[in-house]
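Enquirer: I'd like to ask some things about the structure below.
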Amino acid sequence: MENKALKTQDSLFLKLTEALKKELSLEKGKEKIIGIKFQKSGEDWNLEELKVQDPEEDITRELSETKRQLKAVKKRLKAAEQQLVKQEKLASLGLLTAGIAHEIKNPLNFITNFSDLSVEYLVEIEELLQDHKHLKEIKDAFALIRDIKTNLGKIHDHGHRAEGIVRSMLLHSRGGNGHYDPVDLNALLKEYVNLAFHGMRANKNPINVEINLDLDPNLGKVTVNAESFSRVILNLCKNAFDAMREKAGSPSAPDDYRPKLKVSSFTENKKAVITVEDNGPGVPDELKNKILTPFFTTKKGAEGTGLGLSISKEILQEHKALLSIDSKEGEFTRFRIELSQKL
Amino acid sequence: MKILIVDDEKDVEMLFRQKFRKEIKQEDLELVFAFSGKEAIEILEESDPPSVVYVFSDINMPGMTGIELLQIIKKKFPQIKVSMISAYGDSENYNRAINSGAKEFFTKPIDFTSLKREIRGVLNT
């Protein structure tokens, strides 16, 4: 009898629960009522809903969250992979360059030296023919000899150019093995900016540049590998000169354009900072990342090897220094070297 | 004065003969060539004492390297001067050569002006 009553009560509860579940689950949507707890307090029944998040909803949300995370991970992986491929390429390039570069020197040895020899012979032929210059045939031969000499000069120059590229490749593949010593950074800057300027003036297409050195006298000594670090300064200055030459020669440059190079040193958060700024054509945003990549060059034809900045970057990495670039197209390019050591 | 040039590249002979043709004609300079370290040793052993007074050797050669050749020459014929001519002008090769007794170290592409200066210096002594 008691049992039966309990059973009826049970089934009543069940039905009630069912009904409530349906209603509540419809209403609440996202939360699912999985039960109702009846608790008698005195004469009254308290109903307590036992709810869970809709499991499907949960799964969907979880899935989309996972998907989002996966996407982010995938993106990071892809970036890492690209970086790895790049490094791998660089590493194998480094190994290859040393080997190839040396082997290229052998044929270059013959190219430059045999072309020089041939010029010497032509000079001798000219001397032999000197007395017969009045003959038309000899005159023609002289004209030909002149052309051949020009061609041989070109062969020599291009051999020399290839030699320069090989040398940069070797510098690139060789680790820094110079010494790190405390160096008067301002003196180094003065010396090498000056050297870069005179190098530029002594070379093809010199330009007039106003040089402004703004060096912090309180900088003191900084520990660098002077040999390689000076190469970075030379290189940044050379790039600045090349960029400003390009701007000076472009028809869109203002008539009153005057190339200016500003090299500054100062301290920031107790760290030494060097900036090299030119008022050349600037670097477009889309190229800012590329210009540090080996063999990337914006210089025309024979002008650049595309290794200068990547070598500089590598040297600065060895110094644990940061190289960054700031530029506005048509206005300026500023390279910034931040040395890591506290002064 | 007899000079031996050792290089596995055959064109070296033509280059040197032409570059030094005046010295060969006018001065007392004789050039002999070997295209491997082994051949170089054979040439040096042809007469006793060897007629060669100065050896210029490449470093990177198949078989015996120039450094090995240098060490053998310095041991067997210490009176012969040896200088290296190499495309590998890095400090490691340089130090190895100089420490093994090389007189000078020339890099490729060869600067014949300095090479001629070196040979003339020896010719005049």
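Ligands are numbered from 1 in the order shown, chains are lettered A, B, ... in the order of the structure tokens, and residues start at 1 in each chain.
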For Arg336 (chain A), find every residue with an atom within 6 Å (counting only C-alpha atoms), except residues of its own chain fewer than 2 positions away, and show them as a PyMOL selection string.

Expert: chain A and resi 274-275+323-324

Enquirer: Could you give me, as CSV, every chain A residue with an atom at most 8 Å from chain B, plus its closest atom pair and distance in Å to one decimal, counting only C-alpha atoms, rows ordered by chain then number?

Expert:
```
residue,atom,partner,partner_atom,distance
A:His102,CA,B:Ala87,CA,5.5
A:Glu103,CA,B:Ala87,CA,7.3
A:Lys105,CA,B:Ala87,CA,6.0
A:Asn106,CA,B:Lys108,CA,6.6
A:Leu108,CA,B:Pro109,CA,6.2
A:Asn109,CA,B:Pro109,CA,3.9
A:Phe110,CA,B:Leu15,CA,7.4
A:Thr112,CA,B:Pro109,CA,7.6
A:Asn113,CA,B:Leu15,CA,7.5
A:Phe114,CA,B:Leu15,CA,6.8
A:Leu117,CA,B:Lys19,CA,6.9
```

Enquirer: Quick one: write out the picked residues with C-alpha atoms as a PDB file, in the first residue's frame?

Expert:
```
ATOM      1  CA  HIS A 102      86.688  30.039 -53.481  1.00  0.00           C
ATOM      2  CA  GLU A 103      86.298  27.938 -56.562  1.00  0.00           C
ATOM      3  CA  LYS A 105      88.212  32.774 -57.672  1.00  0.00           C
ATOM      4  CA  ASN A 106      90.207  30.333 -59.798  1.00  0.00           C
ATOM      5  CA  LEU A 108      88.407  34.766 -62.148  1.00  0.00           C
ATOM      6  CA  ASN A 109      92.161  34.627 -61.753  1.00  0.00           C
ATOM      7  CA  PHE A 110      92.462  33.589 -65.394  1.00  0.00           C
ATOM      8  CA  THR A 112      91.393  39.126 -65.128  1.00  0.00           C
ATOM      9  CA  ASN A 113      94.997  38.140 -65.732  1.00  0.00           C
ATOM     10  CA  PHE A 114      94.616  36.878 -69.288  1.00  0.00           C
ATOM     11  CA  LEU A 117      97.999  40.166 -70.766  1.00  0.00           C
TER      12      LEU A 117
END
```

Enquirer: Distance CA of Glu104 (chain B)-CA of Val6 (chain B), one decimal place?

Expert: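 If I compute the distance from CA of Glu104 (chain B) to CA of Val6 (chain B), I get 14.8 Å.
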
Enquirer: Based on the backbone DSSP call, show me all residues of chain B assigned strand (DSSP E or B), as an MDAnalysis selection string.

Expert: chainID B and resid 2:6 30:34 52:57 81:86 105:107

Enquirer: Rounded to one decimal in Å, what is the spacing between CA of Leu185 (chain A) and CA of Gly220 (chain A)?

Expert: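 Spanning CA of Leu185 (chain A) to CA of Gly220 (chain A) is a straight-line distance of 7.2 Å.
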
Enquirer: Pick out each residue of region 34-271 of chain A that DSSP on the backbone tags as helix (DSSP H, G or I); I need them as a ChimeraX atom specification.

Expert: /A:55-132,136-173,185-202,226-249

Enquirer: Applying 9 Å and only C-alpha atoms, which residues near Pro259 (chain A) remain after dropping the ones on its own chain fewer than 6 positions away? List them as a list of chain:residue names.

Expert: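 Counting only the stated atoms, we get A:Ile207, A:Asn208, A:Val209, A:Glu210, A:Ile211, A:Phe241, A:Met244, A:Arg245, A:Lys247, A:Ala248, A:Asp278, A:Asn279, A:Gly280.
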
Enquirer: Write a file of the just-selected residues containing all heavy atoms, as a compact mmCIF listing (two decimals), in the first residue's frame.

Expert:
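For reference, result.txt as written:
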```txt
# COMPACT_ATOMS: atom_id res chain seq x y z
N ILE A 207 78.68 62.30 -55.33
CA ILE A 207 77.68 63.35 -55.13
C ILE A 207 78.12 64.22 -53.96
O ILE A 207 78.95 63.81 -53.15
CB ILE A 207 76.26 62.77 -54.83
CG1 ILE A 207 76.32 61.75 -53.69
CG2 ILE A 207 75.64 62.16 -56.06
CD1 ILE A 207 74.97 61.39 -53.13
N ASN A 208 77.57 65.42 -53.91
CA ASN A 208 77.85 66.29 -52.78
C ASN A 208 76.89 65.96 -51.66
O ASN A 208 75.68 65.92 -51.87
CB ASN A 208 77.69 67.75 -53.18
CG ASN A 208 78.88 68.22 -53.99
OD1 ASN A 208 80.02 67.90 -53.66
ND2 ASN A 208 78.61 68.94 -55.07
N VAL A 209 77.43 65.71 -50.50
CA VAL A 209 76.58 65.36 -49.36
C VAL A 209 76.96 66.23 -48.18
O VAL A 209 78.14 66.43 -47.90
CB VAL A 209 76.75 63.88 -48.98
CG1 VAL A 209 75.89 63.54 -47.77
CG2 VAL A 209 76.39 62.97 -50.14
N GLU A 210 75.95 66.75 -47.52
CA GLU A 210 76.20 67.49 -46.29
C GLU A 210 76.19 66.47 -45.17
O GLU A 210 75.20 65.75 -44.98
CB GLU A 210 75.09 68.52 -46.13
CG GLU A 210 75.31 69.45 -44.97
CD GLU A 210 74.07 70.31 -44.74
OE1 GLU A 210 73.48 70.80 -45.73
OE2 GLU A 210 73.68 70.44 -43.57
N ILE A 211 77.28 66.40 -44.43
CA ILE A 211 77.34 65.38 -43.38
C ILE A 211 77.22 66.04 -42.01
O ILE A 211 77.90 67.01 -41.70
CB ILE A 211 78.63 64.56 -43.48
CG1 ILE A 211 78.51 63.71 -44.76
CG2 ILE A 211 78.81 63.66 -42.27
CD1 ILE A 211 79.60 62.73 -44.96
N PHE A 241 74.34 56.98 -49.31
CA PHE A 241 74.86 57.72 -50.46
C PHE A 241 74.20 57.23 -51.75
O PHE A 241 73.80 58.04 -52.59
CB PHE A 241 76.38 57.56 -50.56
CG PHE A 241 77.14 58.17 -49.41
CD1 PHE A 241 78.27 57.56 -48.90
CD2 PHE A 241 76.71 59.36 -48.83
CE1 PHE A 241 78.97 58.11 -47.84
CE2 PHE A 241 77.39 59.93 -47.76
CZ PHE A 241 78.52 59.30 -47.26
N MET A 244 70.63 58.50 -51.95
CA MET A 244 70.53 59.93 -52.22
C MET A 244 70.97 60.26 -53.64
O MET A 244 70.44 61.17 -54.27
CB MET A 244 71.34 60.71 -51.19
CG MET A 244 70.74 60.58 -49.79
SD MET A 244 71.48 61.65 -48.56
CE MET A 244 73.09 60.90 -48.36
N ARG A 245 71.94 59.51 -54.15
CA ARG A 245 72.36 59.70 -55.53
C ARG A 245 71.20 59.40 -56.46
O ARG A 245 70.95 60.11 -57.43
CB ARG A 245 73.54 58.79 -55.87
CG ARG A 245 74.01 58.96 -57.31
CD ARG A 245 75.08 57.96 -57.71
NE ARG A 245 76.27 58.08 -56.89
CZ ARG A 245 76.68 57.14 -56.05
NH1 ARG A 245 75.97 56.02 -55.93
NH2 ARG A 245 77.77 57.29 -55.35
N LYS A 247 68.03 59.59 -55.75
CA LYS A 247 67.02 60.65 -55.66
C LYS A 247 67.49 61.89 -56.41
O LYS A 247 66.71 62.51 -57.14
CB LYS A 247 66.76 60.99 -54.19
CG LYS A 247 65.66 62.02 -54.01
CD LYS A 247 65.28 62.15 -52.56
CE LYS A 247 64.27 63.25 -52.32
NZ LYS A 247 63.87 63.32 -50.91
N ALA A 248 68.77 62.23 -56.24
CA ALA A 248 69.29 63.42 -56.89
C ALA A 248 69.17 63.32 -58.41
O ALA A 248 68.95 64.31 -59.10
CB ALA A 248 70.75 63.65 -56.49
N ASP A 278 69.33 59.40 -43.86
CA ASP A 278 69.54 60.16 -45.09
C ASP A 278 68.21 60.75 -45.54
O ASP A 278 67.16 60.30 -45.12
CB ASP A 278 70.12 59.25 -46.19
CG ASP A 278 69.15 58.17 -46.64
OD1 ASP A 278 68.10 58.51 -47.22
OD2 ASP A 278 69.44 56.98 -46.39
N ASN A 279 68.30 61.78 -46.38
CA ASN A 279 67.05 62.35 -46.89
C ASN A 279 66.82 61.92 -48.34
O ASN A 279 66.44 62.70 -49.18
CB ASN A 279 67.06 63.88 -46.75
CG ASN A 279 68.17 64.52 -47.59
OD1 ASN A 279 69.07 63.82 -48.05
ND2 ASN A 279 68.09 65.82 -47.80
N GLY A 280 67.10 60.65 -48.58
CA GLY A 280 66.93 60.07 -49.91
C GLY A 280 65.48 59.71 -50.20
O GLY A 280 64.57 60.25 -49.57
```

Enquirer: Which one of A:Lys260, A:Ser312, A:Thr333, A:Pro254 sits closest to Pro284 (chain A) if you count only C-alpha atoms?

Expert: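 Ranked by minimum distance to Pro284 (chain A), first place goes to A:Thr333.
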
Enquirer: Kindly assemble as JSON lines a list of the region 13-89 of chain B residues that lie within 9 Å of region 122-125 of chain B, each paired with its nearest atom pair and their distance in Å to one decimal, using only C-alpha atoms, sorted first by chain and then by ascending residue number.

Expert:
```
{"residue": "B:Glu27", "atom": "CA", "partner": "B:Leu123", "partner_atom": "CA", "distance": 8.8}
{"residue": "B:Asp28", "atom": "CA", "partner": "B:Leu123", "partner_atom": "CA", "distance": 8.0}
{"residue": "B:Leu29", "atom": "CA", "partner": "B:Leu123", "partner_atom": "CA", "distance": 8.1}
{"residue": "B:Tyr54", "atom": "CA", "partner": "B:Val122", "partner_atom": "CA", "distance": 8.7}
```

Enquirer: Which polymer residues have any atom within 8 Å of an atom of Lys2 (chain B), counting only C-alpha atoms, with same-chain residues fewer than 3 positions away left out, as a JSON list (two decimals) with all heavy atoms, in the first residue's frame?

Expert:
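And here is the file that came out, result_17.json:
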```json
[["chain", "number", "residue", "atom", "x", "y", "z"],
["B", 29, "LEU", "N", 115.68, 33.84, -65.45],
["B", 29, "LEU", "CA", 114.55, 33.18, -64.79],
["B", 29, "LEU", "C", 114.07, 31.99, -65.61],
["B", 29, "LEU", "O", 113.84, 32.12, -66.82],
["B", 29, "LEU", "CB", 113.39, 34.17, -64.59],
["B", 29, "LEU", "CG", 112.16, 33.62, -63.89],
["B", 29, "LEU", "CD1", 112.43, 33.30, -62.43],
["B", 29, "LEU", "CD2", 111.00, 34.62, -63.97],
["B", 30, "GLU", "N", 113.96, 30.87, -64.95],
["B", 30, "GLU", "CA", 113.45, 29.69, -65.63],
["B", 30, "GLU", "C", 112.24, 29.16, -64.85],
["B", 30, "GLU", "O", 112.30, 29.03, -63.62],
["B", 30, "GLU", "CB", 114.54, 28.61, -65.71],
["B", 30, "GLU", "CG", 114.16, 27.46, -66.62],
["B", 30, "GLU", "CD", 115.16, 26.30, -66.55],
["B", 30, "GLU", "OE1", 116.33, 26.52, -66.12],
["B", 30, "GLU", "OE2", 114.76, 25.18, -66.90],
["B", 31, "LEU", "N", 111.16, 28.90, -65.57],
["B", 31, "LEU", "CA", 109.96, 28.39, -64.89],
["B", 31, "LEU", "C", 109.73, 26.93, -65.21],
["B", 31, "LEU", "O", 109.82, 26.53, -66.36],
["B", 31, "LEU", "CB", 108.72, 29.19, -65.32],
["B", 31, "LEU", "CG", 108.66, 30.69, -65.03],
["B", 31, "LEU", "CD1", 107.33, 31.26, -65.51],
["B", 31, "LEU", "CD2", 108.86, 30.97, -63.55],
["B", 32, "VAL", "N", 109.48, 26.14, -64.18],
["B", 32, "VAL", "CA", 109.04, 24.75, -64.41],
["B", 32, "VAL", "C", 107.70, 24.56, -63.71],
["B", 32, "VAL", "O", 107.41, 25.24, -62.73],
["B", 32, "VAL", "CB", 110.05, 23.70, -63.89],
["B", 32, "VAL", "CG1", 111.15, 23.46, -64.90],
["B", 32, "VAL", "CG2", 110.62, 24.10, -62.55],
["B", 51, "SER", "N", 117.81, 21.83, -58.46],
["B", 51, "SER", "CA", 118.13, 23.08, -59.16],
["B", 51, "SER", "C", 117.10, 24.17, -58.87],
["B", 51, "SER", "O", 117.36, 25.34, -59.08],
["B", 51, "SER", "CB", 118.20, 22.80, -60.67],
["B", 51, "SER", "OG", 117.03, 22.15, -61.09],
["B", 52, "VAL", "N", 115.94, 23.76, -58.40],
["B", 52, "VAL", "CA", 114.89, 24.73, -58.10],
["B", 52, "VAL", "C", 115.22, 25.46, -56.80],
["B", 52, "VAL", "O", 115.60, 24.83, -55.81],
["B", 52, "VAL", "CB", 113.52, 24.02, -57.96],
["B", 52, "VAL", "CG1", 112.46, 24.99, -57.44],
["B", 52, "VAL", "CG2", 113.09, 23.41, -59.27],
["B", 53, "VAL", "N", 115.10, 26.79, -56.82],
["B", 53, "VAL", "CA", 115.39, 27.53, -55.59],
["B", 53, "VAL", "C", 114.12, 28.06, -54.90],
["B", 53, "VAL", "O", 114.14, 28.39, -53.73],
["B", 53, "VAL", "CB", 116.36, 28.72, -55.83],
["B", 53, "VAL", "CG1", 117.70, 28.22, -56.30],
["B", 53, "VAL", "CG2", 115.76, 29.71, -56.82],
["B", 54, "TYR", "N", 113.04, 28.12, -55.67],
["B", 54, "TYR", "CA", 111.82, 28.70, -55.10],
["B", 54, "TYR", "C", 110.60, 27.94, -55.64],
["B", 54, "TYR", "O", 110.51, 27.69, -56.83],
["B", 54, "TYR", "CB", 111.73, 30.19, -55.49],
["B", 54, "TYR", "CG", 110.90, 31.05, -54.54],
["B", 54, "TYR", "CD1", 111.16, 32.42, -54.44],
["B", 54, "TYR", "CD2", 109.87, 30.52, -53.77],
["B", 54, "TYR", "CE1", 110.42, 33.25, -53.59],
["B", 54, "TYR", "CE2", 109.13, 31.33, -52.92],
["B", 54, "TYR", "CZ", 109.40, 32.69, -52.83],
["B", 54, "TYR", "OH", 108.67, 33.48, -52.00]]
```

Enquirer: So how far away is CA of Cys237 (chain A) from CA of Phe266 (chain A), in Å?

Expert: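 These two atoms are separated by 18.0 Å.
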